[in-house]
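Student: Below is a structure I'd like to ask you about.
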Amino acid sequence: MAAAVPQLSPPLANNNGVKVSSIRELAESPTLTSIPTAYTYSTNPTEILDSSPDDSIPVIDFSLLTSGTPDQRSKAIQDLAKACEEWGFFMVVNHGVPEGLMKAILDKCKEFFDLTTEEKREFEGKNVLDPIRCGTSFNLSAENVHFWRDFLKVIVHPQFNFPHKPLALSEIAWEFCKEVRDVVKALLRGISVSLGFEEDRIEKAMNLESSFQVFVSNYYPPCPQPELTLGMPPHSDHGLLSVLITNQIAGLQIQHQGRWVQVHSLPNSLLINTADHLEVTTSH
C-alpha cells in the first residue's frame with residue numbers, strides 16, 4: 001500500500017489565493033495560465049530520459065505461460081525471470097482480461113473524477129487505512145512540492161469496497177479486480193517456478209487469500225505548463241506486483257540501468273511493476 005499520512009491537508013490555493021480541493025478544479029479554472037509555484041518540480045540533472053529504441057520493455061505472452069505447451073511454458077517462465085531480474089517491469093499480452101472491461105473501468109473512473117466536489121467529499125477519508133479514500137497530489141503534509149494528480153484509492157480485497165457513485169462503477173470494479181487478481185496469481189506462480197520454488201511458494205508465503213489488494217485510479221488533467229511539473233514523484237511501489245492499465249496517453253516512465261525510459265504500452269496490455277514486497281520475499 002502506498003505511503004500516506006493519517007490526516008489530509010487543508011485545500012490547496014492557486015496563484016490567486018483561491019482555495020481548491022483538487023487538481024481537476026484548479027485545471028478547469030478559467031483564470032489559470034500558469035501553474036502555482038507549489039507544483040514546480042526541478043528535475044535532477046542526473047535523471048536522464050533514455051529514448052533509445054534498443055531499450056525495449058519486455059513483453060510476456062500470458063497465454064503461453066498458462067496454457068502453452070511444456071516448451072512454450074518453460075520459455076515464458078525464462079522470459080518472465082529475465083524481465084524481473086533485468087527490468088523489474090514488463091508488459092503482459094493475451095492475459096484474458098476482456099478489452100471491453102478494461103475500457104469500462106477507465107471510463108467509469110473518469111466519471112468518478114467528473115463528479116462534483118460535494119459528491120466526492122463523502123469519499124475523502126481521513127486515515128490511510130480508510131477503505132475508500134480520494135484526494136490530490138501524493139503526500140500533501142510531507143511533500144515540499146505538490147503533484148498534478150487527483151486519485152481514488154480503494155481496498156478491494158479481502159473485503160471489497162468501492163464508491164457507490166457513479167452508477168455501475170462498483171460492479172465494473174468488482175469484476176475488473178477479480179480478473180486482475182487471477183492474472184497476478186498466475187504470474188506469481190511463474191515467478192516462483194523461475195526461482196526454483198514450488199509454484200505456490202509465494203502465494204502461500206504471503207497468504208494471498210487474506211492479503212490486501214488495493215485499487216488506485218490516477219487522474220492527470222491538462223496542465224498549462226506540463227514541462228514544469230509531474231503527476232507523480234519518482235518512487236517504488238509497496239506490495240508484490242502493481243498492475244497498470246492506461247488510456248494510451250504517454251507519460252509513464254520507469255528507471256532502467258540508471259536512466260528513465262518512456263513507456264509506450266501496447267493496446268490492451270497490462271503493465272506489471274515488481275514491487276518492494278516481492279523483492280524482499282524472494283531476496284532478489
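Every chain in the C-alpha cells has a letter given in the order shown (A, B, ...), and although residue numbers restart at 1 in each chain, ligands are simply numbered from 1 in the order shown.
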List every residue of range 154-175 of chain A that has an atom at most 12 Å from any atom of range 112-118 of chain A, and for each one report the closest atom pair and its distance in Å to one decimal, counting only C-alpha atoms, with rows sorted by chain and then by increasing residue number, as a Markdown table.
Tutor:
| residue | atom | partner | partner_atom | distance |
| --- | --- | --- | --- | --- |
| A:Phe162 | CA | A:Phe112 | CA | 11.2 |
| A:Pro163 | CA | A:Phe112 | CA | 8.8 |
| A:His164 | CA | A:Phe112 | CA | 9.8 |
| A:Lys165 | CA | A:Phe112 | CA | 6.8 |
| A:Pro166 | CA | A:Phe112 | CA | 5.9 |
| A:Leu167 | CA | A:Phe112 | CA | 9.5 |
| A:Ala168 | CA | A:Phe112 | CA | 10.8 |
| A:Leu169 | CA | A:Phe112 | CA | 8.2 |
| A:Ser170 | CA | A:Phe112 | CA | 10.8 |
Student: Filtering to all heavy atoms, could you give me those residues as an mmCIF file, in the first residue's frame?
Tutor:
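Writing done, so here's result21.cif:
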data_model
loop_
_atom_site.group_PDB
_atom_site.id
_atom_site.type_symbol
_atom_site.label_atom_id
_atom_site.label_comp_id
_atom_site.auth_asym_id
_atom_site.auth_seq_id
_atom_site.Cartn_x
_atom_site.Cartn_y
_atom_site.Cartn_z
ATOM 1 N N PHE A 162 -16.066 -0.026 -2.489
ATOM 2 C CA PHE A 162 -15.975 0.863 -3.645
ATOM 3 C C PHE A 162 -17.024 1.961 -3.520
ATOM 4 O O PHE A 162 -18.084 1.745 -2.913
ATOM 5 C CB PHE A 162 -16.158 0.116 -4.978
ATOM 6 C CG PHE A 162 -15.077 0.467 -5.967
ATOM 7 C CD1 PHE A 162 -13.859 -0.182 -5.925
ATOM 8 C CD2 PHE A 162 -15.259 1.471 -6.911
ATOM 9 C CE1 PHE A 162 -12.844 0.158 -6.805
ATOM 10 C CE2 PHE A 162 -14.256 1.814 -7.789
ATOM 11 C CZ PHE A 162 -13.033 1.152 -7.745
ATOM 12 N N PRO A 163 -16.751 3.153 -4.073
ATOM 13 C CA PRO A 163 -17.768 4.210 -4.056
ATOM 14 C C PRO A 163 -19.040 3.765 -4.771
ATOM 15 O O PRO A 163 -18.986 3.022 -5.750
ATOM 16 C CB PRO A 163 -17.086 5.360 -4.812
ATOM 17 C CG PRO A 163 -15.625 5.105 -4.664
ATOM 18 C CD PRO A 163 -15.480 3.614 -4.672
ATOM 19 N N HIS A 164 -20.172 4.232 -4.286
ATOM 20 C CA HIS A 164 -21.446 3.878 -4.916
ATOM 21 C C HIS A 164 -21.807 4.838 -6.048
ATOM 22 O O HIS A 164 -22.844 4.685 -6.687
ATOM 23 C CB HIS A 164 -22.563 3.867 -3.869
ATOM 24 C CG HIS A 164 -22.725 5.160 -3.137
ATOM 25 N ND1 HIS A 164 -23.511 6.187 -3.612
ATOM 26 C CD2 HIS A 164 -22.190 5.604 -1.970
ATOM 27 C CE1 HIS A 164 -23.456 7.209 -2.767
ATOM 28 N NE2 HIS A 164 -22.667 6.879 -1.756
ATOM 29 N N LYS A 165 -20.949 5.814 -6.296
ATOM 30 C CA LYS A 165 -21.120 6.734 -7.423
ATOM 31 C C LYS A 165 -19.840 6.700 -8.257
ATOM 32 O O LYS A 165 -18.746 6.553 -7.710
ATOM 33 C CB LYS A 165 -21.342 8.170 -6.921
ATOM 34 C CG LYS A 165 -22.553 8.393 -6.048
ATOM 35 C CD LYS A 165 -22.565 9.832 -5.537
ATOM 36 C CE LYS A 165 -23.706 10.079 -4.572
ATOM 37 N NZ LYS A 165 -23.660 11.454 -4.013
ATOM 38 N N PRO A 166 -19.986 6.841 -9.587
ATOM 39 C CA PRO A 166 -21.208 6.915 -10.397
ATOM 40 C C PRO A 166 -21.859 5.540 -10.562
ATOM 41 O O PRO A 166 -21.295 4.521 -10.141
ATOM 42 C CB PRO A 166 -20.698 7.440 -11.741
ATOM 43 C CG PRO A 166 -19.304 6.926 -11.819
ATOM 44 C CD PRO A 166 -18.777 6.970 -10.414
ATOM 45 N N LEU A 167 -23.012 5.532 -11.163
ATOM 46 C CA LEU A 167 -23.776 4.309 -11.363
ATOM 47 C C LEU A 167 -22.941 3.254 -12.084
ATOM 48 O O LEU A 167 -22.293 3.539 -13.087
ATOM 49 C CB LEU A 167 -25.043 4.620 -12.167
ATOM 50 C CG LEU A 167 -26.039 3.473 -12.353
ATOM 51 C CD1 LEU A 167 -26.644 3.091 -11.006
ATOM 52 C CD2 LEU A 167 -27.138 3.880 -13.337
ATOM 53 N N ALA A 168 -22.935 2.051 -11.560
ATOM 54 C CA ALA A 168 -22.299 0.856 -12.142
ATOM 55 C C ALA A 168 -20.790 0.808 -11.938
ATOM 56 O O ALA A 168 -20.156 -0.198 -12.280
ATOM 57 C CB ALA A 168 -22.620 0.708 -13.629
ATOM 58 N N LEU A 169 -20.174 1.836 -11.367
ATOM 59 C CA LEU A 169 -18.726 1.791 -11.140
ATOM 60 C C LEU A 169 -18.350 0.628 -10.236
ATOM 61 O O LEU A 169 -17.412 -0.122 -10.529
ATOM 62 C CB LEU A 169 -18.246 3.107 -10.523
ATOM 63 C CG LEU A 169 -16.793 3.122 -10.012
ATOM 64 C CD1 LEU A 169 -15.816 2.831 -11.134
ATOM 65 C CD2 LEU A 169 -16.473 4.455 -9.349
ATOM 66 N N SER A 170 -19.058 0.442 -9.136
ATOM 67 C CA SER A 170 -18.714 -0.601 -8.183
ATOM 68 C C SER A 170 -18.779 -1.990 -8.812
ATOM 69 O O SER A 170 -17.888 -2.822 -8.608
ATOM 70 C CB SER A 170 -19.654 -0.516 -6.975
ATOM 71 O OG SER A 170 -19.347 -1.521 -6.035
#
Student: Run DSSP on the backbone and grab whatever in range 70-236 of chain A lands in strand (DSSP E or B); send it over as a list in words.
Tutor: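 Selection result, strand (DSSP E or B) within range 70-236 of chain A: Phe89, Phe90, Met91, Val92, Val93, Ile132, Arg133, Cys134, Gly135, Thr136, Asp150, Phe151, Leu152, Lys153, Val154, Ile155, Val156, His157, Gln213, Val214, Phe215, Val216, Ser217, Asn218 and Tyr219 of chain A.
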Student: Take the residues that were just selected and, keeping N, CA, C and O atoms, output them as a compact mmCIF listing (two decimals), in the first residue's frame.
Tutor:
# COMPACT_ATOMS: atom_id res chain seq x y z
N PHE A 89 10.05 -4.74 -14.58
CA PHE A 89 8.87 -4.18 -15.22
C PHE A 89 8.67 -4.88 -16.56
O PHE A 89 9.64 -5.15 -17.27
N PHE A 90 7.42 -5.17 -16.90
CA PHE A 90 7.16 -5.81 -18.18
C PHE A 90 5.70 -5.62 -18.57
O PHE A 90 4.87 -5.24 -17.75
N MET A 91 5.42 -5.86 -19.85
CA MET A 91 4.05 -5.83 -20.36
C MET A 91 3.54 -7.26 -20.50
O MET A 91 4.30 -8.17 -20.83
N VAL A 92 2.25 -7.43 -20.27
CA VAL A 92 1.62 -8.73 -20.43
C VAL A 92 0.53 -8.63 -21.50
O VAL A 92 -0.34 -7.75 -21.42
N VAL A 93 0.62 -9.49 -22.50
CA VAL A 93 -0.39 -9.54 -23.56
C VAL A 93 -1.10 -10.88 -23.51
O VAL A 93 -0.64 -11.83 -22.88
N ILE A 132 -11.97 3.48 1.56
CA ILE A 132 -12.18 4.29 0.37
C ILE A 132 -11.61 5.68 0.65
O ILE A 132 -11.94 6.29 1.67
N ARG A 133 -10.76 6.15 -0.24
CA ARG A 133 -10.14 7.45 0.00
C ARG A 133 -9.82 8.11 -1.32
O ARG A 133 -9.18 7.52 -2.20
N CYS A 134 -10.27 9.34 -1.51
CA CYS A 134 -9.87 10.10 -2.69
C CYS A 134 -9.19 11.37 -2.22
O CYS A 134 -9.41 11.86 -1.10
N GLY A 135 -8.34 11.92 -3.06
CA GLY A 135 -7.60 13.10 -2.67
C GLY A 135 -6.80 13.65 -3.83
O GLY A 135 -7.11 13.38 -5.00
N THR A 136 -5.74 14.38 -3.51
CA THR A 136 -4.95 15.03 -4.55
C THR A 136 -3.47 14.98 -4.19
O THR A 136 -3.11 14.75 -3.03
N ASP A 150 -5.02 13.89 -9.16
CA ASP A 150 -6.07 13.51 -8.23
C ASP A 150 -6.12 11.98 -8.21
O ASP A 150 -5.77 11.32 -9.19
N PHE A 151 -6.58 11.41 -7.10
CA PHE A 151 -6.56 9.96 -7.01
C PHE A 151 -7.79 9.42 -6.28
O PHE A 151 -8.43 10.11 -5.48
N LEU A 152 -8.08 8.17 -6.58
CA LEU A 152 -9.05 7.37 -5.84
C LEU A 152 -8.33 6.11 -5.42
O LEU A 152 -7.75 5.42 -6.27
N LYS A 153 -8.33 5.80 -4.12
CA LYS A 153 -7.64 4.62 -3.61
C LYS A 153 -8.62 3.80 -2.78
O LYS A 153 -9.24 4.32 -1.86
N VAL A 154 -8.75 2.50 -3.12
CA VAL A 154 -9.76 1.66 -2.50
C VAL A 154 -9.18 0.29 -2.16
O VAL A 154 -8.48 -0.32 -2.97
N ILE A 155 -9.46 -0.19 -0.97
CA ILE A 155 -9.10 -1.57 -0.59
C ILE A 155 -10.21 -2.48 -1.11
O ILE A 155 -11.37 -2.37 -0.70
N VAL A 156 -9.85 -3.40 -2.02
CA VAL A 156 -10.87 -4.22 -2.69
C VAL A 156 -10.77 -5.71 -2.32
O VAL A 156 -11.59 -6.51 -2.79
N HIS A 157 -9.79 -6.07 -1.50
CA HIS A 157 -9.65 -7.46 -1.07
C HIS A 157 -8.82 -7.48 0.20
O HIS A 157 -7.88 -6.71 0.32
N GLN A 213 -5.59 -6.23 -1.51
CA GLN A 213 -5.50 -5.81 -2.90
C GLN A 213 -6.04 -4.39 -2.93
O GLN A 213 -7.14 -4.12 -2.46
N VAL A 214 -5.24 -3.47 -3.46
CA VAL A 214 -5.61 -2.05 -3.46
C VAL A 214 -5.78 -1.58 -4.90
O VAL A 214 -4.91 -1.81 -5.75
N PHE A 215 -6.90 -0.93 -5.14
CA PHE A 215 -7.19 -0.35 -6.45
C PHE A 215 -6.90 1.15 -6.38
O PHE A 215 -7.38 1.83 -5.46
N VAL A 216 -6.13 1.66 -7.32
CA VAL A 216 -5.84 3.09 -7.37
C VAL A 216 -6.11 3.60 -8.78
O VAL A 216 -5.67 3.00 -9.77
N SER A 217 -6.84 4.68 -8.87
CA SER A 217 -7.05 5.36 -10.14
C SER A 217 -6.47 6.76 -10.04
O SER A 217 -6.76 7.50 -9.09
N ASN A 218 -5.62 7.12 -10.99
CA ASN A 218 -5.00 8.43 -11.02
C ASN A 218 -5.55 9.25 -12.17
O ASN A 218 -5.70 8.74 -13.29
N TYR A 219 -5.84 10.52 -11.89
CA TYR A 219 -6.36 11.42 -12.91
C TYR A 219 -5.41 12.60 -13.05
O TYR A 219 -5.12 13.30 -12.07
Student: From the set A:Leu26, A:Cys84, A:Val280, A:Ile172, which residue has the shortest atom-to-atom contact distance to Cys109 in chain A, counting only C-alpha atoms?
Tutor: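 For Cys109 in chain A, the nearest of the candidates is A:Ile172.
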Student: To one decimal place, how far is CA of Phe212 in chain A from CA of Leu271 in chain A in Å?
Tutor: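 Value for the CA of Phe212 in chain A-CA of Leu271 in chain A distance: 19.5 Å.
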Student: Please identify the alpha helix (DSSP H) residues within range 28-156 of chain A (assignment by DSSP from backbone atoms) and present them as a PyMOL selection string.
Tutor: chain A and resi 62-67+70-86+99-113+117-121
Student: Could you build a table of the residues in range 203-250 of chain A lying no more than 9 Å from range 185-193 of chain A, giving for each the nearest pair of atoms and their separation in Å rounded to one decimal place, using only C-alpha atoms, ordered by chain and ascending residue number, as a Markdown table?
Tutor:
| residue | atom | partner | partner_atom | distance |
| --- | --- | --- | --- | --- |
| A:Glu203 | CA | A:Leu188 | CA | 7.1 |
| A:Leu208 | CA | A:Lys185 | CA | 8.5 |
| A:Leu240 | CA | A:Leu188 | CA | 8.8 |
| A:Leu241 | CA | A:Leu188 | CA | 8.6 |
Student: For the selection just defined, write its residues with C-alpha atoms to a file, as a JSON list (two decimals), in the first residue's frame.
Tutor:
[["chain", "number", "residue", "atom", "x", "y", "z"],
["A", 203, "GLU", "CA", 1.22, -17.43, -2.76],
["A", 208, "LEU", "CA", -2.64, -14.08, -0.71],
["A", 240, "LEU", "CA", 4.04, -7.70, -4.59],
["A", 241, "LEU", "CA", 3.03, -6.71, -8.11]]
Student: Excluding range 244-247 of chain A and any residue of its chain fewer than 2 positions from it, enumerate the residues within 9 Å of it, using only C-alpha atoms, and give them as a PyMOL selection string.
Tutor: chain A and resi 102-103+106+242+249-250+265+268-273
Student: The selected residues should be written to file as an mmCIF file, in the first residue's frame (atoms: C-alpha atoms).
Tutor:
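To be explicit, this is the file written out as part_14.cif:
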data_model
loop_
_atom_site.group_PDB
_atom_site.id
_atom_site.type_symbol
_atom_site.label_atom_id
_atom_site.label_comp_id
_atom_site.auth_asym_id
_atom_site.auth_seq_id
_atom_site.Cartn_x
_atom_site.Cartn_y
_atom_site.Cartn_z
ATOM 1 C CA MET A 102 -10.646 -2.536 -19.291
ATOM 2 C CA LYS A 103 -12.252 0.281 -21.266
ATOM 3 C CA LEU A 106 -11.242 3.580 -17.327
ATOM 4 C CA SER A 242 1.481 -3.492 -9.384
ATOM 5 C CA ILE A 249 -1.662 8.706 -23.347
ATOM 6 C CA ALA A 250 2.094 8.614 -22.839
ATOM 7 C CA SER A 265 2.123 0.416 -23.741
ATOM 8 C CA ASN A 268 -4.971 -3.896 -24.318
ATOM 9 C CA SER A 269 -1.797 -4.826 -22.438
ATOM 10 C CA LEU A 270 -1.230 -4.931 -18.698
ATOM 11 C CA LEU A 271 1.847 -3.178 -17.344
ATOM 12 C CA ILE A 272 3.451 -5.015 -14.424
ATOM 13 C CA ASN A 273 5.811 -3.480 -11.896
#
Student: Considering only C-alpha atoms, state which residue in the set A:Val97, A:Ala173, A:Ile57, A:Ala275 is at the smallest distance from Trp260 in chain A.
Tutor: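 For Trp260 in chain A, the nearest of the given residues is A:Ile57.
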Student: Quote the spacing between CA of Pro224 in chain A and CA of Asn144 in chain A in Å to one decimal place.
Tutor: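 Separation of CA of Pro224 in chain A and CA of Asn144 in chain A: 20.8 Å.
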Student: Report the distance between CA of Lys110 in chain A and CA of Gln255 in chain A in Å, rounded to one decimal place.
Tutor: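 Separation between CA of Lys110 in chain A and CA of Gln255 in chain A: 27.9 Å.
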Student: Which of these, A:Cys223, A:Ile105, A:Ala81, A:Ala76, has the shortest distance to Ser29 in chain A once you count only C-alpha atoms?
Tutor: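 Using only C-alpha atoms, Ser29 in chain A sits closest to A:Cys223.
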Student: List the neighbours of Pro233 in chain A out to 8 Å using only C-alpha atoms; skip same-chain residues closer than 2 positions along the sequence, and give me the result as a ChimeraX atom specification.
Tutor: /A:138,147,230-231,235
Student: Can you tell me which residues surround Pro226 in chain A at a distance of at most 12 Å, considering only C-alpha atoms, apart from same-chain residues fewer than 2 positions away, and format the answer as a ChimeraX atom specification?
Tutor: /A:27,33-35,39-41,147-148,220-224,228-231,251
Student: Which of these residues is nearest to His264 in chain A, using only C-alpha atoms: A:Ser56, A:Ser67, A:Asn127, A:Ser42?
Tutor: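 Under the stated criterion, the closest residue is A:Ser56.
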Student: Out of A:His95, A:Pro131, A:Glu85, A:Lys120, which residue has the shortest atom-to-atom distance to Thr282 in chain A when counting only C-alpha atoms?
Tutor: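 Among the listed residues, the smallest separation from Thr282 in chain A belongs to A:Glu85.
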Student: Counting only C-alpha atoms, which of A:Val261, A:Leu278, A:Leu252, A:Leu140 gets nearest to Arg201 in chain A?
Tutor: A:Leu278
Student: As number ranges by chain, please: the residues near Gly96 in chain A (cut-off 9 Å, only C-alpha atoms, same-chain neighbours under 6 positions excluded).
Tutor: A: 62-63, 179, 183
